[in-house]
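Participant: The following file, protein_25.json, comprises JSON, C-alpha atoms:
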```json
[["chain", "number", "residue", "atom", "x", "y", "z"],
["A", 18, "MET", "CA", 61.99, -29.26, 18.43],
["A", 19, "SER", "CA", 61.92, -26.26, 20.77],
["A", 20, "VAL", "CA", 59.99, -23.29, 19.34],
["A", 21, "SER", "CA", 58.68, -20.12, 21.01],
["A", 22, "LEU", "CA", 56.55, -17.27, 19.70],
["A", 23, "ASP", "CA", 56.23, -13.85, 21.34],
["A", 24, "ILE", "CA", 54.75, -10.40, 20.64],
["A", 25, "ARG", "CA", 56.85, -7.35, 21.60],
["A", 26, "LEU", "CA", 55.34, -3.88, 21.35],
["A", 27, "LYS", "CA", 57.57, -0.86, 20.66],
["A", 28, "ARG", "CA", 56.09, 1.10, 23.57],
["A", 29, "ALA", "CA", 57.19, -0.15, 26.98],
["A", 30, "ASN", "CA", 54.02, 1.17, 28.69],
["A", 31, "LYS", "CA", 51.76, -0.41, 25.99],
["A", 32, "VAL", "CA", 49.48, 2.67, 25.98],
["A", 33, "TYR", "CA", 47.94, 3.86, 22.70],
["A", 34, "HIS", "CA", 45.31, 6.39, 21.57],
["A", 35, "GLU", "CA", 42.76, 6.12, 18.77],
["A", 36, "GLY", "CA", 44.27, 7.05, 15.39],
["A", 37, "GLU", "CA", 47.80, 5.93, 16.40],
["A", 38, "ARG", "CA", 49.59, 2.90, 14.98],
["A", 39, "VAL", "CA", 50.22, -0.16, 17.16],
["A", 40, "SER", "CA", 53.64, -1.43, 16.13],
["A", 41, "GLY", "CA", 56.20, -3.95, 17.28],
["A", 42, "VAL", "CA", 57.82, -7.26, 16.32],
["A", 43, "LEU", "CA", 56.89, -10.92, 16.39],
["A", 44, "LEU", "CA", 59.72, -12.88, 17.93],
["A", 45, "VAL", "CA", 60.28, -16.47, 16.78],
["A", 46, "ASN", "CA", 62.95, -18.57, 18.51],
["A", 47, "SER", "CA", 63.63, -21.98, 17.01],
["A", 48, "ARG", "CA", 66.46, -24.46, 17.45],
["A", 49, "ASP", "CA", 66.03, -25.77, 13.88],
["A", 50, "ALA", "CA", 64.62, -24.39, 10.65],
["A", 51, "LEU", "CA", 60.84, -24.14, 11.02],
["A", 52, "GLN", "CA", 58.29, -25.17, 8.39],
["A", 53, "HIS", "CA", 54.96, -23.32, 8.70],
["A", 54, "GLN", "CA", 51.75, -22.66, 6.76],
["A", 55, "GLY", "CA", 51.49, -18.94, 7.40],
["A", 56, "VAL", "CA", 51.69, -16.46, 10.30],
["A", 57, "SER", "CA", 48.68, -14.21, 10.92],
["A", 58, "LEU", "CA", 48.13, -11.37, 13.37],
["A", 59, "GLY", "CA", 44.80, -10.03, 14.62],
["A", 60, "LEU", "CA", 43.88, -6.96, 16.64],
["A", 61, "GLU", "CA", 40.62, -6.93, 18.62],
["A", 62, "GLY", "CA", 38.87, -4.62, 21.06],
["A", 63, "LEU", "CA", 35.88, -5.98, 22.99],
["A", 64, "VAL", "CA", 33.47, -4.86, 25.70],
["A", 65, "ASN", "CA", 32.40, -7.95, 27.68],
["A", 66, "LEU", "CA", 29.28, -7.51, 29.79],
["A", 67, "GLN", "CA", 28.26, -9.96, 32.48],
["A", 68, "LEU", "CA", 25.20, -10.12, 34.70],
["A", 69, "SER", "CA", 25.43, -10.65, 38.41],
["A", 70, "SER", "CA", 23.69, -13.80, 39.67],
["A", 71, "LYS", "CA", 20.91, -11.73, 41.28],
["A", 72, "SER", "CA", 19.89, -10.27, 37.90],
["A", 73, "VAL", "CA", 19.73, -13.44, 35.78],
["A", 74, "GLY", "CA", 16.12, -14.37, 35.06],
["A", 75, "VAL", "CA", 14.77, -10.93, 35.95],
["A", 76, "PHE", "CA", 14.90, -9.55, 32.41],
["A", 77, "GLU", "CA", 14.84, -11.92, 29.45],
["A", 78, "ALA", "CA", 15.91, -9.00, 27.25],
["A", 79, "PHE", "CA", 19.25, -8.93, 29.04],
["A", 80, "TYR", "CA", 20.45, -11.94, 27.11],
["A", 81, "ASN", "CA", 20.53, -9.87, 23.92],
["A", 82, "SER", "CA", 22.11, -6.85, 25.57],
["A", 83, "VAL", "CA", 25.02, -8.69, 27.21],
["A", 84, "LYS", "CA", 26.57, -10.01, 24.00],
["A", 85, "PRO", "CA", 30.19, -8.79, 23.61],
["A", 86, "ILE", "CA", 30.41, -5.42, 21.83],
["A", 87, "GLN", "CA", 33.18, -5.38, 19.22],
["A", 88, "LEU", "CA", 34.91, -1.99, 19.02],
["A", 89, "VAL", "CA", 37.79, -2.80, 16.68],
["A", 90, "SER", "CA", 38.79, -5.86, 14.68],
["A", 91, "SER", "CA", 41.40, -6.36, 11.97],
["A", 92, "ASN", "CA", 43.50, -9.26, 10.70],
["A", 93, "MET", "CA", 46.47, -9.60, 8.40],
["A", 94, "GLU", "CA", 48.83, -12.28, 7.15],
["A", 95, "VAL", "CA", 52.30, -11.30, 8.31],
["A", 96, "VAL", "CA", 54.26, -14.15, 6.70],
["A", 97, "LYS", "CA", 53.17, -16.38, 3.82],
["A", 98, "PRO", "CA", 53.62, -20.19, 4.13],
["A", 99, "GLY", "CA", 57.28, -21.23, 4.00],
["A", 100, "LYS", "CA", 60.31, -21.71, 6.25],
["A", 101, "ILE", "CA", 61.72, -19.65, 9.13],
["A", 102, "PRO", "CA", 65.47, -20.16, 9.68],
["A", 103, "ALA", "CA", 66.93, -21.55, 12.91],
["A", 104, "GLY", "CA", 67.72, -19.09, 15.69],
["A", 105, "ARG", "CA", 65.98, -15.82, 16.54],
["A", 106, "THR", "CA", 63.79, -14.15, 13.91],
["A", 107, "GLU", "CA", 62.09, -10.75, 14.31],
["A", 108, "ILE", "CA", 59.09, -9.97, 12.09],
["A", 109, "PRO", "CA", 57.95, -6.31, 12.25],
["A", 110, "PHE", "CA", 54.24, -5.40, 12.18],
["A", 111, "GLU", "CA", 52.07, -2.28, 12.32],
["A", 112, "PHE", "CA", 48.30, -1.86, 12.81],
["A", 113, "PRO", "CA", 46.22, 1.33, 12.63],
["A", 114, "LEU", "CA", 44.07, 1.70, 15.76],
["A", 115, "GLN", "CA", 40.72, 2.72, 14.27],
["A", 116, "ALA", "CA", 37.24, 1.92, 15.61],
["A", 117, "LYS", "CA", 34.75, -0.07, 13.48],
["A", 118, "GLY", "CA", 32.16, 2.10, 11.71],
["A", 119, "ASN", "CA", 30.55, 4.54, 14.13],
["A", 120, "LYS", "CA", 31.87, 2.79, 17.27],
["A", 121, "VAL", "CA", 33.95, 4.59, 19.88],
["A", 122, "LEU", "CA", 37.16, 3.21, 21.42],
["A", 123, "TYR", "CA", 36.49, 3.24, 25.15],
["A", 124, "GLU", "CA", 39.35, 3.26, 27.61],
["A", 125, "THR", "CA", 40.80, -0.06, 28.83],
["A", 126, "TYR", "CA", 39.01, -1.09, 32.02],
["A", 127, "HIS", "CA", 38.92, -4.32, 34.06],
["A", 128, "GLY", "CA", 35.75, -4.54, 36.13],
["A", 129, "VAL", "CA", 33.54, -7.25, 37.57],
["A", 130, "PHE", "CA", 30.52, -6.93, 35.25],
["A", 131, "VAL", "CA", 32.07, -4.69, 32.54],
["A", 132, "ASN", "CA", 35.41, -5.49, 30.93],
["A", 133, "ILE", "CA", 36.96, -3.38, 28.12],
["A", 134, "GLN", "CA", 40.00, -5.11, 26.68],
["A", 135, "TYR", "CA", 42.26, -4.72, 23.61],
["A", 136, "THR", "CA", 44.44, -7.63, 22.48],
["A", 137, "LEU", "CA", 46.82, -8.70, 19.73],
["A", 138, "ARG", "CA", 46.78, -12.38, 18.79],
["A", 139, "CYS", "CA", 49.41, -14.08, 16.64],
["A", 140, "ASP", "CA", 48.80, -17.53, 15.11],
["A", 141, "MET", "CA", 51.38, -19.68, 13.35],
["A", 142, "ARG", "CA", 49.84, -22.59, 11.48],
["A", 143, "ARG", "CA", 52.09, -25.66, 11.36],
["A", 144, "PRO", "CA", 52.14, -28.84, 9.20],
["A", 145, "LEU", "CA", 49.94, -31.80, 10.06],
["A", 146, "LEU", "CA", 51.79, -33.42, 12.98],
["A", 147, "ALA", "CA", 53.21, -30.25, 14.53],
["A", 148, "LYS", "CA", 51.26, -28.19, 17.04],
["A", 149, "ASP", "CA", 50.03, -24.73, 15.95],
["A", 150, "LEU", "CA", 51.55, -21.84, 17.91],
["A", 151, "SER", "CA", 49.60, -18.86, 19.22],
["A", 152, "LYS", "CA", 50.34, -15.91, 21.49],
["A", 153, "THR", "CA", 48.18, -13.08, 22.82],
["A", 154, "CYS", "CA", 49.27, -9.72, 24.18],
["A", 155, "GLU", "CA", 47.08, -7.09, 25.83],
["A", 156, "PHE", "CA", 47.70, -3.39, 25.23],
["A", 157, "MET", "CA", 46.05, -0.36, 26.81],
["A", 158, "VAL", "CA", 43.92, 2.28, 25.12],
["A", 159, "HIS", "CA", 43.54, 5.71, 26.73],
["A", 160, "CYS", "CA", 40.86, 8.11, 25.55],
["A", 161, "GLN", "CA", 42.03, 11.50, 24.30],
["A", 162, "PRO", "CA", 42.42, 14.06, 27.12],
["A", 163, "GLN", "CA", 39.47, 16.41, 27.43],
["A", 164, "LYS", "CA", 40.26, 19.96, 26.34],
["A", 165, "SER", "CA", 38.22, 21.72, 29.02],
["A", 166, "LYS", "CA", 39.96, 22.61, 32.26],
["A", 167, "LEU", "CA", 38.96, 20.76, 35.40],
["A", 168, "GLN", "CA", 37.09, 23.11, 37.72],
["A", 169, "PRO", "CA", 37.88, 22.50, 41.41],
["A", 170, "ASN", "CA", 34.60, 21.77, 43.22],
["A", 171, "PRO", "CA", 35.42, 21.25, 46.91],
["A", 172, "VAL", "CA", 32.80, 19.43, 48.97],
["A", 173, "GLU", "CA", 32.41, 20.17, 52.70],
["A", 174, "PHE", "CA", 30.87, 17.47, 54.87],
["A", 175, "SER", "CA", 29.66, 17.14, 58.44],
["A", 176, "ILE", "CA", 28.69, 13.71, 59.83],
["A", 177, "THR", "CA", 26.47, 13.41, 62.92],
["A", 178, "PRO", "CA", 23.86, 10.77, 63.96],
["A", 179, "GLU", "CA", 21.19, 13.06, 62.41],
["A", 180, "THR", "CA", 22.85, 13.13, 58.94],
["A", 181, "LEU", "CA", 23.10, 9.33, 58.59],
["A", 182, "GLN", "CA", 20.80, 7.51, 56.14],
["A", 183, "ASN", "CA", 19.25, 4.04, 56.61],
["A", 184, "VAL", "CA", 19.34, 4.09, 60.42],
["A", 185, "ARG", "CA", 16.65, 2.16, 62.30],
["A", 186, "GLU", "CA", 17.22, 3.22, 65.89],
["A", 187, "ARG", "CA", 18.83, 6.65, 65.76],
["A", 188, "SER", "CA", 18.40, 7.16, 69.52],
["A", 189, "SER", "CA", 20.70, 4.20, 70.30],
["A", 190, "LEU", "CA", 23.60, 5.71, 68.33],
["A", 191, "PRO", "CA", 26.45, 7.30, 70.31],
["A", 192, "ARG", "CA", 26.95, 11.06, 69.82],
["A", 193, "PHE", "CA", 29.73, 12.11, 67.44],
["A", 194, "LEU", "CA", 30.70, 14.97, 65.11],
["A", 195, "ILE", "CA", 33.06, 14.53, 62.17],
["A", 196, "ARG", "CA", 33.84, 17.39, 59.80],
["A", 197, "GLY", "CA", 35.98, 17.58, 56.69],
["A", 198, "HIS", "CA", 36.20, 18.31, 53.00],
["A", 199, "LEU", "CA", 37.19, 16.70, 49.68],
["A", 200, "ASP", "CA", 39.17, 19.05, 47.43],
["A", 201, "ALA", "CA", 37.16, 17.88, 44.39],
["A", 202, "THR", "CA", 34.61, 15.24, 43.39],
["A", 203, "SER", "CA", 35.33, 15.83, 39.68],
["A", 204, "CYS", "CA", 38.82, 14.32, 39.54],
["A", 205, "ALA", "CA", 41.60, 13.86, 37.00],
["A", 206, "ILE", "CA", 42.23, 10.10, 36.83],
["A", 207, "THR", "CA", 46.02, 10.66, 36.91],
["A", 208, "ARG", "CA", 45.92, 12.74, 40.10],
["A", 209, "PRO", "CA", 45.10, 11.62, 43.64],
["A", 210, "LEU", "CA", 41.84, 12.28, 45.47],
["A", 211, "THR", "CA", 42.72, 14.64, 48.33],
["A", 212, "GLY", "CA", 41.02, 16.29, 51.29],
["A", 213, "GLU", "CA", 40.94, 16.42, 55.06],
["A", 214, "LEU", "CA", 38.97, 14.88, 57.92],
["A", 215, "LEU", "CA", 38.60, 16.14, 61.50],
["A", 216, "LEU", "CA", 37.11, 14.21, 64.42],
["A", 217, "GLU", "CA", 35.61, 16.92, 66.65],
["A", 218, "SER", "CA", 33.93, 14.67, 69.24],
["A", 219, "SER", "CA", 32.81, 11.08, 69.83],
["A", 220, "GLU", "CA", 31.30, 9.38, 72.88],
["A", 221, "VAL", "CA", 32.70, 6.03, 71.77],
["A", 222, "ALA", "CA", 36.35, 5.30, 70.98],
["A", 223, "ILE", "CA", 37.30, 5.08, 67.29],
["A", 224, "LYS", "CA", 38.73, 1.79, 65.98],
["A", 225, "SER", "CA", 39.61, 2.75, 62.39],
["A", 226, "ILE", "CA", 38.96, 5.32, 59.64],
["A", 227, "GLU", "CA", 39.04, 4.06, 56.04],
["A", 228, "LEU", "CA", 38.66, 5.32, 52.46],
["A", 229, "GLN", "CA", 36.80, 2.89, 50.22],
["A", 230, "LEU", "CA", 36.81, 3.31, 46.43],
["A", 231, "VAL", "CA", 33.76, 1.72, 44.78],
["A", 232, "ARG", "CA", 32.86, 1.09, 41.13],
["A", 233, "VAL", "CA", 29.20, 1.11, 40.15],
["A", 234, "GLU", "CA", 28.63, -0.92, 36.97],
["A", 235, "THR", "CA", 25.30, -0.86, 35.16],
["A", 236, "CYS", "CA", 24.43, -3.31, 32.35],
["A", 237, "GLY", "CA", 21.18, -3.57, 30.44],
["A", 238, "CYS", "CA", 18.90, -1.99, 27.87],
["A", 239, "ALA", "CA", 15.59, -0.11, 27.64],
["A", 240, "GLU", "CA", 13.72, -3.02, 29.30],
["A", 241, "GLY", "CA", 15.72, -2.76, 32.49],
["A", 242, "TYR", "CA", 19.14, -2.33, 34.04],
["A", 243, "ALA", "CA", 21.20, -4.29, 36.57],
["A", 244, "ARG", "CA", 23.26, -2.00, 38.81],
["A", 245, "ASP", "CA", 26.04, -3.46, 40.94],
["A", 246, "ALA", "CA", 28.52, -1.76, 43.26],
["A", 247, "THR", "CA", 31.82, -3.49, 44.12],
["A", 248, "GLU", "CA", 34.87, -2.38, 46.09],
["A", 249, "ILE", "CA", 38.08, -1.58, 44.18],
["A", 250, "GLN", "CA", 40.36, -0.67, 47.06],
["A", 251, "ASN", "CA", 40.25, 0.18, 50.75],
["A", 252, "ILE", "CA", 42.86, 2.43, 52.40],
["A", 253, "GLN", "CA", 43.10, 2.89, 56.15],
["A", 254, "ILE", "CA", 43.89, 6.56, 56.92],
["A", 255, "ALA", "CA", 43.72, 6.30, 60.73],
["A", 256, "GLU", "CA", 43.94, 3.50, 63.28],
["A", 257, "GLY", "CA", 42.84, 3.56, 66.91],
["A", 258, "ASP", "CA", 41.14, 6.31, 68.91],
["A", 259, "VAL", "CA", 42.49, 9.35, 67.04],
["A", 260, "CYS", "CA", 43.06, 12.71, 68.74],
["A", 261, "ARG", "CA", 40.06, 15.02, 68.74],
["A", 262, "GLY", "CA", 40.53, 18.15, 66.63],
["A", 263, "LEU", "CA", 43.51, 16.70, 64.72],
["A", 264, "SER", "CA", 43.23, 17.04, 60.92],
["A", 265, "ILE", "CA", 43.75, 13.73, 59.08],
["A", 266, "PRO", "CA", 44.78, 13.99, 55.41],
["A", 267, "ILE", "CA", 42.70, 12.16, 52.77],
["A", 268, "TYR", "CA", 44.87, 10.87, 49.91],
["A", 269, "MET", "CA", 43.97, 8.16, 47.42],
["A", 270, "VAL", "CA", 45.60, 7.28, 44.08],
["A", 271, "PHE", "CA", 43.25, 5.82, 41.44],
["A", 272, "PRO", "CA", 44.53, 2.35, 40.44],
["A", 273, "ARG", "CA", 45.36, 1.74, 36.78],
["A", 274, "LEU", "CA", 43.12, -0.69, 34.81],
["A", 275, "PHE", "CA", 40.49, -0.87, 37.58],
["A", 276, "THR", "CA", 39.41, 2.73, 37.00],
["A", 277, "CYS", "CA", 38.66, 4.64, 33.80],
["A", 278, "PRO", "CA", 37.03, 7.98, 32.98],
["A", 279, "THR", "CA", 33.35, 7.88, 34.03],
["A", 280, "LEU", "CA", 31.53, 6.20, 31.13],
["A", 281, "GLU", "CA", 27.89, 6.22, 30.07],
["A", 282, "THR", "CA", 26.62, 4.39, 26.95],
["A", 283, "THR", "CA", 23.34, 2.83, 25.79],
["A", 284, "ASN", "CA", 24.15, -0.66, 27.12],
["A", 285, "PHE", "CA", 26.40, -0.02, 30.08],
["A", 286, "LYS", "CA", 27.70, 2.58, 32.53],
["A", 287, "VAL", "CA", 30.83, 2.70, 34.69],
["A", 288, "GLU", "CA", 30.69, 5.16, 37.58],
["A", 289, "PHE", "CA", 32.74, 5.63, 40.75],
["A", 290, "GLU", "CA", 32.11, 6.58, 44.37],
["A", 291, "VAL", "CA", 34.21, 7.02, 47.47],
["A", 292, "ASN", "CA", 33.03, 6.06, 50.97],
["A", 293, "ILE", "CA", 34.50, 7.48, 54.16],
["A", 294, "VAL", "CA", 34.05, 4.66, 56.69],
["A", 295, "ILE", "CA", 34.47, 5.24, 60.44],
["A", 296, "VAL", "CA", 34.55, 2.03, 62.52],
["A", 297, "LEU", "CA", 33.69, 2.59, 66.20],
["A", 298, "GLN", "CA", 35.10, 0.45, 69.02],
["A", 299, "ASP", "CA", 31.74, -1.34, 69.39],
["A", 300, "ASP", "CA", 31.97, -2.19, 65.63],
["A", 301, "HIS", "CA", 29.28, 0.34, 64.63],
["A", 302, "LEU", "CA", 29.99, 1.45, 61.03],
["A", 303, "ILE", "CA", 29.47, 5.08, 60.02],
["A", 304, "THR", "CA", 29.61, 5.60, 56.24],
["A", 305, "GLU", "CA", 29.44, 8.77, 54.16],
["A", 306, "ASN", "CA", 29.18, 8.35, 50.36],
["A", 307, "PHE", "CA", 30.42, 10.76, 47.67],
["A", 308, "PRO", "CA", 29.84, 10.16, 43.91],
["A", 309, "LEU", "CA", 32.96, 10.91, 41.85],
["A", 310, "LYS", "CA", 33.35, 11.93, 38.22],
["A", 311, "LEU", "CA", 36.66, 10.77, 36.76],
["A", 312, "VAL", "CA", 38.07, 12.46, 33.65],
["A", 313, "ARG", "CA", 41.33, 12.34, 31.69],
["A", 314, "VAL", "CA", 42.91, 15.78, 31.24]]
```
Let's see the structure in the file written out as structure tokens.

Facilitator:
Amino acid sequence: MSVSLDIRLKRANKVYHEGERVSGVLLVNSRDALQHQGVSLGLEGLVNLQLSSKSVGVFEAFYNSVKPIQLVSSNMEVVKPGKIPAGRTEIPFEFPLQAKGNKVLYETYHGVFVNIQYTLRCDMRRPLLAKDLSKTCEFMVHCQPQKSKLQPNPVEFSITPETLQNVRERSSLPRFLIRGHLDATSCAITRPLTGELLLESSEVAIKSIELQLVRVETCGCAEGYARDATEIQNIQIAEGDVCRGLSIPIYMVFPRLFTCPTLETTNFKVEFEVNIVIVLQDDHLITENFPLKLVRV
């Protein structure tokens, strides 16, 4: 007997805010009439924390702090035990999206060491010899836009061998001067990061200029924290030995799911940075780092 179970949300973009109702239909397709022992639907929001391999064993206390944090959880029986007729059956449902107790619904975010995920799970229990059916569906939660206006805070930068950090033999570096600006380091998550870069002079030919977006995830507790930076995306904004004195636009869109408004809680933090990376022809790497604050407006 061919049977399928699906969850369809009313909103095509699957984006919800706290206090709204998550609604849709359960879709059952069956060639014959279907005997079942009840259909239940659950809604769950979890923060999953994971330690990088370099941190395991450093702090024993971590093992208590990296348990999943439950933000929202509710279950209901949608259909009592009985029969579903042959063909296509739609069963409507509706859930209020409300955090548990004094918890806060953080925005959906898929990271390496921090994962914030909201899912619906439908289970159909079947008689003894038939296989139970289950289906999960992820939906997105966005935090409420912040009321305050975003103040533009342009950042000017000038990169020379003298301004570089963590350099062992500064005298062996070729001479160069790179100027530019970022229009803001406090950014609306729905708008691109913009700015300009100007190569004034360089003794060595340029191979590539790149923008690297980095997430910095911190997990832990009072006893200690593990802080890990990982790359989200890398965009090449110039290739080859660019003209001196030519302004190169900086433009980067923040990817959905892999970024969220900058988040700081007791057990974990999610922060973001952007690196401007200049690769010289001799494969020297010049990197300038800028911390970003992402907000939803």

Participant: Per residue of range 172-238 of chain A within 9 Å of range 296-313 of chain A, which atom pair is closest and at what distance in Å (one decimal), using all atoms listed in the file, listed by chain and increasing number, as a tab-separated table?

Facilitator:
```
residue	atom	partner	partner_atom	distance
A:Phe174	CA	A:Glu305	CA	8.8
A:Ile176	CA	A:Glu305	CA	7.6
A:Pro178	CA	A:Ile303	CA	8.9
A:Leu181	CA	A:Glu305	CA	7.8
A:Gln182	CA	A:Glu305	CA	9.0
A:Leu190	CA	A:His301	CA	8.6
A:Ala201	CA	A:Leu309	CA	8.5
A:Thr202	CA	A:Leu309	CA	4.9
A:Ser203	CA	A:Lys310	CA	4.6
A:Cys204	CA	A:Leu311	CA	5.0
A:Ala205	CA	A:Val312	CA	5.1
A:Ile206	CA	A:Leu311	CA	5.6
A:Thr207	CA	A:Arg313	CA	7.2
A:Val221	CA	A:Leu297	CA	6.6
A:Ala222	CA	A:Gln298	CA	5.4
A:Ile223	CA	A:Leu297	CA	4.5
A:Lys224	CA	A:Gln298	CA	4.9
A:Ser225	CA	A:Val296	CA	5.1
A:Ile226	CA	A:Val296	CA	6.2
A:Glu227	CA	A:Val296	CA	8.1
```

Participant: Could you pull the residues within 6 Å of range 49-64 of chain A, counting all atoms listed in the file, minus those fewer than 5 positions along the same chain, as number ranges by chain?

Facilitator: A: 85-103, 132-143

Participant: Please dump the current selection as a compact mmCIF listing (two decimals), in the frame of the given file; keep C-alpha atoms.

Facilitator:
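And here's part-v2.txt as it stands now:
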```txt
# COMPACT_ATOMS: atom_id res chain seq x y z
CA PRO A 85 30.19 -8.79 23.61
CA ILE A 86 30.41 -5.42 21.83
CA GLN A 87 33.18 -5.38 19.22
CA LEU A 88 34.91 -1.99 19.02
CA VAL A 89 37.79 -2.80 16.68
CA SER A 90 38.79 -5.86 14.68
CA SER A 91 41.40 -6.36 11.97
CA ASN A 92 43.50 -9.26 10.70
CA MET A 93 46.47 -9.60 8.40
CA GLU A 94 48.83 -12.28 7.15
CA VAL A 95 52.30 -11.30 8.31
CA VAL A 96 54.26 -14.15 6.70
CA LYS A 97 53.17 -16.38 3.82
CA PRO A 98 53.62 -20.19 4.13
CA GLY A 99 57.28 -21.23 4.00
CA LYS A 100 60.31 -21.71 6.25
CA ILE A 101 61.72 -19.65 9.13
CA PRO A 102 65.47 -20.16 9.68
CA ALA A 103 66.93 -21.55 12.91
CA ASN A 132 35.41 -5.49 30.93
CA ILE A 133 36.96 -3.38 28.12
CA GLN A 134 40.00 -5.11 26.68
CA TYR A 135 42.26 -4.72 23.61
CA THR A 136 44.44 -7.63 22.48
CA LEU A 137 46.82 -8.70 19.73
CA ARG A 138 46.78 -12.38 18.79
CA CYS A 139 49.41 -14.08 16.64
CA ASP A 140 48.80 -17.53 15.11
CA MET A 141 51.38 -19.68 13.35
CA ARG A 142 49.84 -22.59 11.48
CA ARG A 143 52.09 -25.66 11.36
```

Participant: Might you pull out every residue within 12 Å of range 252-256 of chain A, with all atoms listed in the file counted and same-chain residues fewer than 6 positions away left off, and present them as a PyMOL selection string?

Facilitator: chain A and resi 211-216+222-231+263-271+291-298

Participant: One decimal, in Å: what's the spacing between CA of Val314 in chain A and CA of Lys164 in chain A?

Facilitator: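 Answer for the CA of Val314 in chain A to CA of Lys164 in chain A separation: 7.0 Å.
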
Participant: Could you give me, as a VMD selection string, the residues that sit within 8 Å of (61.5, -19.5, 16.9) in the file's coordinates, counting all atoms listed in the file?

Facilitator: chain A and resid 19 to 22 44 to 48 51 101 103 to 106

Participant: At what distance in Å, to one decimal, does CA of Pro109 in chain A lie from CA of Cys160 in chain A?

Facilitator: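 About the pair CA of Cys160 in chain A and CA of Pro109 in chain A: they are 26.0 Å apart.
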
Participant: Separation of CA of His198 in chain A and CA of Arg185 in chain A, in Å?

Facilitator: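 Going from CA of His198 in chain A over to CA of Arg185 in chain A, I get 27.0 Å.
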
Participant: Return the single residue from A:Arg187, A:Arg208, A:Lys286, A:Lys120 that is closest to Cys236 in chain A, with distances computed using only C-alpha atoms.

Facilitator: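 Result for the nearest residue to Cys236 in chain A: A:Lys286.
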
Participant: Under the rule that only C-alpha atoms are counted, which of A:Glu220, A:Asp200, A:Glu288, A:Asp258 is the nearest residue to Asp245 in chain A?

Facilitator: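 Closest to Asp245 in chain A, using only C-alpha atoms: A:Glu288.
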
Participant: Taking all atoms of range 271-277 of chain A that the file lists and extending 4 Å past them on each side, where is the centre of the axis-aligned box and how long are its edges? Answer in Å to one decimal, as AutoDock Vina command-line options.

Facilitator:
```
--center_x 42.0 --center_y 2.5 --center_z 37.6 --size_x 14.7 --size_y 14.7 --size_z 15.6
```

Participant: With all atoms listed in the file as the counted atoms, please give the residues lying no more than 7 Å from Phe112 in chain A, apart from itself and same-chain residues fewer than 6 positions off, as a PyMOL selection string.

Facilitator: chain A and resi 38-40

Participant: For Leu210 in chain A, which residue out of A:Thr125, A:Pro169, A:Leu194, A:Ile24 is the nearest one, using all atoms listed in the file?

Facilitator: A:Pro169

Participant: Nearest residue to Val129 in chain A out of A:Ile249, A:Leu114, A:Leu146, A:Met157, using all atoms listed in the file?

Facilitator: A:Ile249

Participant: Please provide the set of residues having any atom within 10 Å of Glu234 in chain A, restricted to all atoms listed in the file, with same-chain residues fewer than 4 positions apart removed, written as a VMD selection string.

Facilitator: chain A and resid 66 128 to 131 243 to 247 280 to 281 285 to 289

Participant: I need the chosen residues saved as a PDB file, in the coordinates of the input, with C-alpha atoms.

Facilitator:
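Final output, again_38.pdb:
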```
ATOM      1  CA  LEU A  66      29.280  -7.510  29.790  1.00  0.00           C
ATOM      2  CA  GLY A 128      35.750  -4.540  36.130  1.00  0.00           C
ATOM      3  CA  VAL A 129      33.540  -7.250  37.570  1.00  0.00           C
ATOM      4  CA  PHE A 130      30.520  -6.930  35.250  1.00  0.00           C
ATOM      5  CA  VAL A 131      32.070  -4.690  32.540  1.00  0.00           C
ATOM      6  CA  ALA A 243      21.200  -4.290  36.570  1.00  0.00           C
ATOM      7  CA  ARG A 244      23.260  -2.000  38.810  1.00  0.00           C
ATOM      8  CA  ASP A 245      26.040  -3.460  40.940  1.00  0.00           C
ATOM      9  CA  ALA A 246      28.520  -1.760  43.260  1.00  0.00           C
ATOM     10  CA  THR A 247      31.820  -3.490  44.120  1.00  0.00           C
ATOM     11  CA  LEU A 280      31.530   6.200  31.130  1.00  0.00           C
ATOM     12  CA  GLU A 281      27.890   6.220  30.070  1.00  0.00           C
ATOM     13  CA  PHE A 285      26.400  -0.020  30.080  1.00  0.00           C
ATOM     14  CA  LYS A 286      27.700   2.580  32.530  1.00  0.00           C
ATOM     15  CA  VAL A 287      30.830   2.700  34.690  1.00  0.00           C
ATOM     16  CA  GLU A 288      30.690   5.160  37.580  1.00  0.00           C
ATOM     17  CA  PHE A 289      32.740   5.630  40.750  1.00  0.00           C
TER      18      PHE A 289
END
```
